[in-house]
Structures are given as C-alpha cells and as structure tokens.
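**Q** Please find one structure pasted underneath; my questions will follow.
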Amino acid sequence: MKKLRTPLSVLLAALILLSGAVCFNASALDKAAWDTNWAENSAEISAAVTMTPASNDSDRYISWYSAAGSGAVTVKNADGSAFGTFDAQAVATPQGDYRLVSYISGLEAGKTYSYTCASGEWTSETYTIDAYGTDSFTAVYVSDIHVSHDDNNADSIRDNAYTLGETLEVAQAKAAANGTTLELILSGGDQASEGMRTEYVGVAANSFMKSIPFAPCIGNHDRKSVDYRYFNAIQYGTVNMAVKSYVGTDYYFVKGDVLFLVMDSNNISMGDHEKLVKKAVNENPDVKWRVAIFHHDLYSGRKPNRESENKWLRLMWAPLADKYGFDLCLLGHSHYYTISNVLYNNEPVATVENNATITDPNGTIYMVTGSINRPRGAEDEIGLRESDIGHAVLTQEKIYNLIDFSEDSIVLKSYTVESDECIGAITIKKTTNEGGHSYTTPAQWYYPLVKVISAIAGIINNIGRYYDNTQLGFDIPLFEGIFG
Ligand SMILES: [Fe+2]
C-alpha cells in the first residue's frame, strides 16, 4: 500500500500544480463567497474601514463610517498584549453620520500588530497592521477603478468592488511569486464613477484596504459629488492652498527612499501645486526618488475632444516635473496603458523601449495604466503622439502594475489579471540622488503667467462645481465651495 500511496500523492500534487499553472487565477477571490459576505456582512462593509499612509511607516490613518460621533482604534501587539488606544476625530458627513479618523503612531519597524475599530455599539472585525520599515518595498499601482453605481443594476457596486478585490488578490499573489510583499496601494483617481458614498464603500470592501496603506489621488469622476471629501478625510502632508477643490487636495508622504507626491489635477491652480511640491522637497532633500501621482494623462490616450485639454495640461504640469526632477509620474484618466519616453520640456530626450533599463535619465517618465472596471476600446482613438510614447498596449483586460522600489532602482512590471501576462516593464536607475536631472525650468518665462491664469481658471472651475453640487442638494458653505 505504501508504494501505491506515494505515486498517488505525487500525482495529486502534480494535478494541483498543473491546474494552477493552466489557470493562474483559479485561486483568485471566490465570487460566490464575496456575494454571500456582501449580503450577510453589511454592517462591516458599510463601515468602509480604510488604512491610509501617514508621514512614515511608523504611523497610519485608519478611518470608518459611524453613526456615533466618537470612537477609537485599539491596537494590540502580536502576542495579544495592548499596544495602545487611539481616539478618532469625527468628520460629519452629508448623510448625517460621521467619518471617524484615528491617527496611529509609534509602530516599530518590522513588527506586526492587530487592530479593531469601535464606535457606539459597533466593533469591527480584527485586521492587521504591518509596520514594515525596510527601504526596499513593492507597491501596486492601479487606476480608474470605477466602482460604479448603476440605476439599472442593483449589483453593480458589489460586482465592481469584487473586480477590484480580485485584481489586488492576483497582484499580491504575483508579488509573492516574485519574492516580494505588497506594502502600498497607489491609485491614480476615478476610484468611483459618480463620486457617491456607496461607490467608495465598494472601493473599501476588500480586505487589502484594511491592512495595506491605500493612497488614492482624486480623479475627475471622484468630484462628481462631495463624498470623496469624507471617504478620504485625512489631512496629512498638505499645505494651505489658495485655490483647491472642495472634495480633494494634494498630499505627500515618504516611504523608504521615495517621496510620493499625490496631487489633485482637477485643481488647475499650478502655483498651489508648486507650493506643496516645494515644501515636500525642502523637507526631504535627501530622499532619492520623487514619484508623482495625478489623474490626468498628458501624453497618451488621445480622444479628439481631449487633445486640446492635454495641450494645456502639458504646459502646466511638465515644468513642475522638470524643475523638481520627478523621476516617475503615475497617471490615469485615458484608460490607455503607455510608458512615455524620457521627456524634458515636453520633448523626448531618450527613447524608452519595453523592458528597457534607463540609467540617470535627464527627464521624467510618465506612465499611464488602464481601468479596472472600464477598459477602453480602440473605437475613438486618434493615434498616439508617437514621439512621446515608448511603449503602448490597448487591452480590454484588467491591468495592475507592481513597482519595486529600492535605493538604486525603480523596477516597474505590468500584468493583466486575465492572461497573467507581463505587458510592459521598465527599470529606472540613478547612480546619485540627482541622477540625470538638471533641475532647470525650461520656458520659465511663461510659468508665472501660467500660475496667475490657472489660479483664476481654478476659481471659475470651482464655482461651476459649487453650483453643480448645490443642485445635487448638498449644503456647502460658499467660501469653502469655491476655495476648498
Ligand atoms: Fe476614468
């Protein structure tokens, strides 16, 4: 019998391995279990517990919706002993309840903790905090998640939320297969389609949002209503901006040797964006890598009605990237995957091919990823600006991007969920903190004018949004509605 059992167990193991090899996503999030949990666990799902990064890896923000106007997060050490209780700040929502926000601090590098949120009669499930603390880490970048309310489909949010959870599950498995761990979720805007709270509840419904810091930027769809203001009710790494959107803002944080600049490109007041970048860079002069995340695509995904807008956006944003030596800009909006050539002063200065390694680039690489729930078709494409784009893929499949950050390099690899295929990769290396950046601002003569005009245009834009949101029935103070 013993002789028979060994080959049988080997055969079974081989079958299991083979089934995994043939269909990589067989182990992805179970849809039936997701739907059951959605139906039976609504209190936990609607609380939308979300972990976001703070100034460094020893701190976190944890926020959730609550009927009660006070609450706290209780954090325990790995052995179950108490670490601390962190009282929450309450932000009143338009729905009449609160977004509670706790600031967790003092986590020790390399240690793992557990936490629960409690407010009123409700206590959350138990989630994990990993304090990480190493200079090298892996982030996943996604954009245009588009969890979407649909009047004609009551399950739309549940199903779109599942697609996001599935994508992150596959991303985590791929990172593990590559020998790394996901430590950060970066999102390039349009987390929701109508900017509705129910959509953000869907964004936060997966387990990853509770235990891996989630850093979203605001997209144009996120400001179709006001709920993003409360969902992402954190106020860290910001500056006082003269003109900002009512629902979103710029912020920055440092992880490892990377300064992340997360900006609201709906707000076109460039003087205010520069104020934030200047402060972040001055506070972190020795941090080697500068990575910007903002929603609007500058160079690719050209629809006929968007190219005139893109021309203005290029004039506004490229000088900022040039002056402050952004190494990489992560963008969305067009739902069209591209990696640009190395660009400086809106001109290509070095070619970037797929799988290229670029050492000390004297400019910025702009990367745009596809949409999770709204993949783009080719029907209204008018052609890329070939001179700007190094590598492009237009696919109906869901794209996620794993970015390995270390002292010496940024290694970006992009995959699709459906095919498990690596559709694009680049490596950026810098041999010094400056790399190839020259830190001069070409065409600087016009930039002071850009700041004045964009501030005025930003105010006019905000007046339009104020009008739209008050028409939706939201009670917004006039000054805040216009100046943020
Ligand atoms: Fe979008």
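Residues are referred to by chain and number: the chain letter is A, B, ... according to the order shown in the structure tokens, the number counts from 1 in that chain, and ligands are numbered separately from 1 in the order shown.
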Mind running range 120-221 of chain A against range 36-42 of chain A at 10 Å and telling me each contacting residue's nearest atom pair with the distance in Å (one decimal), counting only C-alpha atoms, chain and number ascending, as CSV?
**A**
```
residue,atom,partner,partner_atom,distance
A:Arg158,CA,A:Trp38,CA,7.1
A:Asp159,CA,A:Trp38,CA,9.9
A:Tyr162,CA,A:Trp38,CA,9.8
A:Gly202,CA,A:Trp38,CA,9.8
A:Ala205,CA,A:Trp38,CA,8.6
```
**Q** Print the selection's residues with C-alpha atoms to a file, as an mmCIF file, in the first residue's frame.
**A**
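And here is the file that came out, result00.cif:
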```
data_model
loop_
_atom_site.group_PDB
_atom_site.id
_atom_site.type_symbol
_atom_site.label_atom_id
_atom_site.label_comp_id
_atom_site.auth_asym_id
_atom_site.auth_seq_id
_atom_site.Cartn_x
_atom_site.Cartn_y
_atom_site.Cartn_z
ATOM 1 C CA ARG A 158 -20.918 44.733 -5.389
ATOM 2 C CA ASP A 159 -19.608 43.294 -8.659
ATOM 3 C CA TYR A 162 -15.260 42.318 -6.434
ATOM 4 C CA GLY A 202 -17.332 49.292 -2.628
ATOM 5 C CA ALA A 205 -14.847 46.422 0.703
#
```
**Q** If you count only C-alpha atoms and all ligand atoms, which residues end up within 8 Å of ligand 1, as a list of chain:residue names?
**A**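 Those residues are A:Ser143, A:Asp144, A:Ile145, A:His146, A:Gly189, A:Asp190, A:Ser193, A:Gly219, A:Asn220, A:His221, A:Gly332, A:His333, A:Ser334, A:His335, A:Ser371, A:Arg374.
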**Q** List the neighbours of Lys398 in chain A out to 10 Å using only C-alpha atoms; skip same-chain residues closer than 2 positions along the sequence, and give me the result as JSON, numbers by chain.
**A** {"A": [142, 145, 163, 164, 167, 369, 370, 371, 372, 373, 374, 375, 395, 396, 400, 415, 416, 417, 418, 419]}
**Q** Please save N, CA and C atoms of the selected residues as a JSON list (two decimals), in the first residue's frame.
**A**
```json
[["chain", "number", "residue", "atom", "x", "y", "z"],
["A", 142, "VAL", "N", -2.74, 50.91, -9.45],
["A", 142, "VAL", "CA", -3.93, 50.74, -10.30],
["A", 142, "VAL", "C", -4.55, 52.12, -10.52],
["A", 145, "ILE", "N", -10.40, 52.76, -11.13],
["A", 145, "ILE", "CA", -11.08, 51.57, -10.61],
["A", 145, "ILE", "C", -12.55, 51.59, -11.02],
["A", 163, "THR", "N", -14.32, 43.03, -8.56],
["A", 163, "THR", "CA", -13.27, 43.09, -9.59],
["A", 163, "THR", "C", -12.00, 43.74, -9.02],
["A", 164, "LEU", "N", -12.18, 44.77, -8.22],
["A", 164, "LEU", "CA", -11.02, 45.40, -7.58],
["A", 164, "LEU", "C", -10.36, 44.42, -6.61],
["A", 167, "THR", "N", -8.45, 41.84, -8.46],
["A", 167, "THR", "CA", -7.22, 42.38, -9.04],
["A", 167, "THR", "C", -6.12, 42.46, -7.97],
["A", 369, "THR", "N", -1.82, 53.82, -16.71],
["A", 369, "THR", "CA", -2.33, 52.45, -16.69],
["A", 369, "THR", "C", -3.80, 52.43, -17.10],
["A", 370, "GLY", "N", -4.30, 51.22, -17.35],
["A", 370, "GLY", "CA", -5.69, 51.06, -17.81],
["A", 370, "GLY", "C", -6.67, 51.10, -16.65],
["A", 371, "SER", "N", -7.95, 50.92, -16.98],
["A", 371, "SER", "CA", -9.01, 50.97, -15.98],
["A", 371, "SER", "C", -9.33, 49.56, -15.48],
["A", 372, "ILE", "N", -9.70, 49.47, -14.20],
["A", 372, "ILE", "CA", -10.06, 48.16, -13.65],
["A", 372, "ILE", "C", -11.46, 47.74, -14.11],
["A", 373, "ASN", "N", -12.43, 48.65, -14.04],
["A", 373, "ASN", "CA", -13.81, 48.26, -14.39],
["A", 373, "ASN", "C", -14.32, 48.85, -15.71],
["A", 374, "ARG", "N", -13.53, 49.74, -16.33],
["A", 374, "ARG", "CA", -13.97, 50.33, -17.60],
["A", 374, "ARG", "C", -12.84, 50.29, -18.63],
["A", 375, "PRO", "N", -12.44, 49.10, -19.05],
["A", 375, "PRO", "CA", -11.36, 49.03, -20.04],
["A", 375, "PRO", "C", -11.76, 49.75, -21.33],
["A", 395, "THR", "N", -5.75, 47.25, -24.17],
["A", 395, "THR", "CA", -6.30, 45.92, -23.90],
["A", 395, "THR", "C", -7.61, 46.04, -23.13],
["A", 396, "GLN", "N", -8.47, 45.07, -23.31],
["A", 396, "GLN", "CA", -9.72, 45.00, -22.55],
["A", 396, "GLN", "C", -9.49, 44.32, -21.20],
["A", 400, "TYR", "N", -2.66, 45.56, -13.65],
["A", 400, "TYR", "CA", -2.09, 46.04, -12.39],
["A", 400, "TYR", "C", -0.58, 46.13, -12.58],
["A", 415, "TYR", "N", 1.07, 43.75, -15.47],
["A", 415, "TYR", "CA", 0.47, 42.46, -15.81],
["A", 415, "TYR", "C", -1.03, 42.65, -16.05],
["A", 416, "THR", "N", -1.63, 41.66, -16.71],
["A", 416, "THR", "CA", -3.09, 41.64, -16.76],
["A", 416, "THR", "C", -3.60, 40.49, -15.90],
["A", 417, "VAL", "N", -4.76, 40.72, -15.30],
["A", 417, "VAL", "CA", -5.37, 39.71, -14.43],
["A", 417, "VAL", "C", -5.75, 38.48, -15.23],
["A", 418, "GLU", "N", -6.37, 38.69, -16.40],
["A", 418, "GLU", "CA", -6.94, 37.58, -17.14],
["A", 418, "GLU", "C", -5.87, 36.65, -17.72],
["A", 419, "SER", "N", -4.84, 37.22, -18.30],
["A", 419, "SER", "CA", -3.87, 36.37, -19.02],
["A", 419, "SER", "C", -2.62, 36.09, -18.21]]
```
**Q** From the options A:Arg99, A:Lys311, A:Arg290, A:Arg376, which residue's atoms come nearest to Tyr230 in chain A, counting only C-alpha atoms?
**A**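 Nearest candidate to Tyr230 in chain A out of A:Arg99, A:Lys311, A:Arg290, A:Arg376: A:Arg99.
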**Q** Tell me which protein, DNA and RNA residues are within 7 Å of Phe294 in chain A, counting only C-alpha atoms, leaving out same-chain ones fewer than 4 positions away, and put them as a count of residues only.
**A** 8
**Q** Can I get the residues of range 221-251 of chain A within 12 Å of range 57-71 of chain A, each with the closest pair of atoms and their distance in Å to one decimal, using only C-alpha atoms, sorted chain first then ascending number, as a tab-separated table?
**A**
```
residue	atom	partner	partner_atom	distance
A:Asp227	CA	A:Tyr65	CA	11.7
A:Tyr230	CA	A:Tyr65	CA	9.1
A:Phe231	CA	A:Ser63	CA	8.1
A:Asn232	CA	A:Ser63	CA	8.2
A:Ala233	CA	A:Ser63	CA	7.9
A:Ile234	CA	A:Tyr61	CA	7.4
A:Gln235	CA	A:Tyr61	CA	9.7
A:Tyr236	CA	A:Tyr61	CA	9.3
```
**Q** Write a file of the just-selected residues containing N, CA and C atoms, as a compact mmCIF listing (two decimals), in the first residue's frame.
**A**
```txt
# COMPACT_ATOMS: atom_id res chain seq x y z
N ASP A 227 -18.69 63.15 -1.80
CA ASP A 227 -18.40 62.12 -0.79
C ASP A 227 -16.94 61.73 -0.67
N TYR A 230 -15.11 63.04 2.35
CA TYR A 230 -15.29 62.39 3.66
C TYR A 230 -14.63 60.99 3.67
N PHE A 231 -14.73 60.30 2.54
CA PHE A 231 -14.11 58.98 2.45
C PHE A 231 -12.62 59.08 2.72
N ASN A 232 -11.97 60.05 2.10
CA ASN A 232 -10.52 60.22 2.28
C ASN A 232 -10.26 61.43 3.16
N ALA A 233 -10.86 61.37 4.37
CA ALA A 233 -10.87 62.56 5.24
C ALA A 233 -9.59 62.70 6.05
N ILE A 234 -8.47 62.58 5.37
CA ILE A 234 -7.20 62.70 6.07
C ILE A 234 -6.55 64.02 5.70
N GLN A 235 -5.82 64.57 6.60
CA GLN A 235 -5.20 65.88 6.38
C GLN A 235 -3.74 65.82 6.76
N TYR A 236 -2.98 65.06 6.02
CA TYR A 236 -1.56 64.98 6.33
C TYR A 236 -0.77 65.44 5.12
```
**Q** With distances taken over only C-alpha atoms, which of A:Phe86, A:Phe405, A:Tyr439, A:Tyr467 is nearest to Ala118 in chain A?
**A** A:Phe86
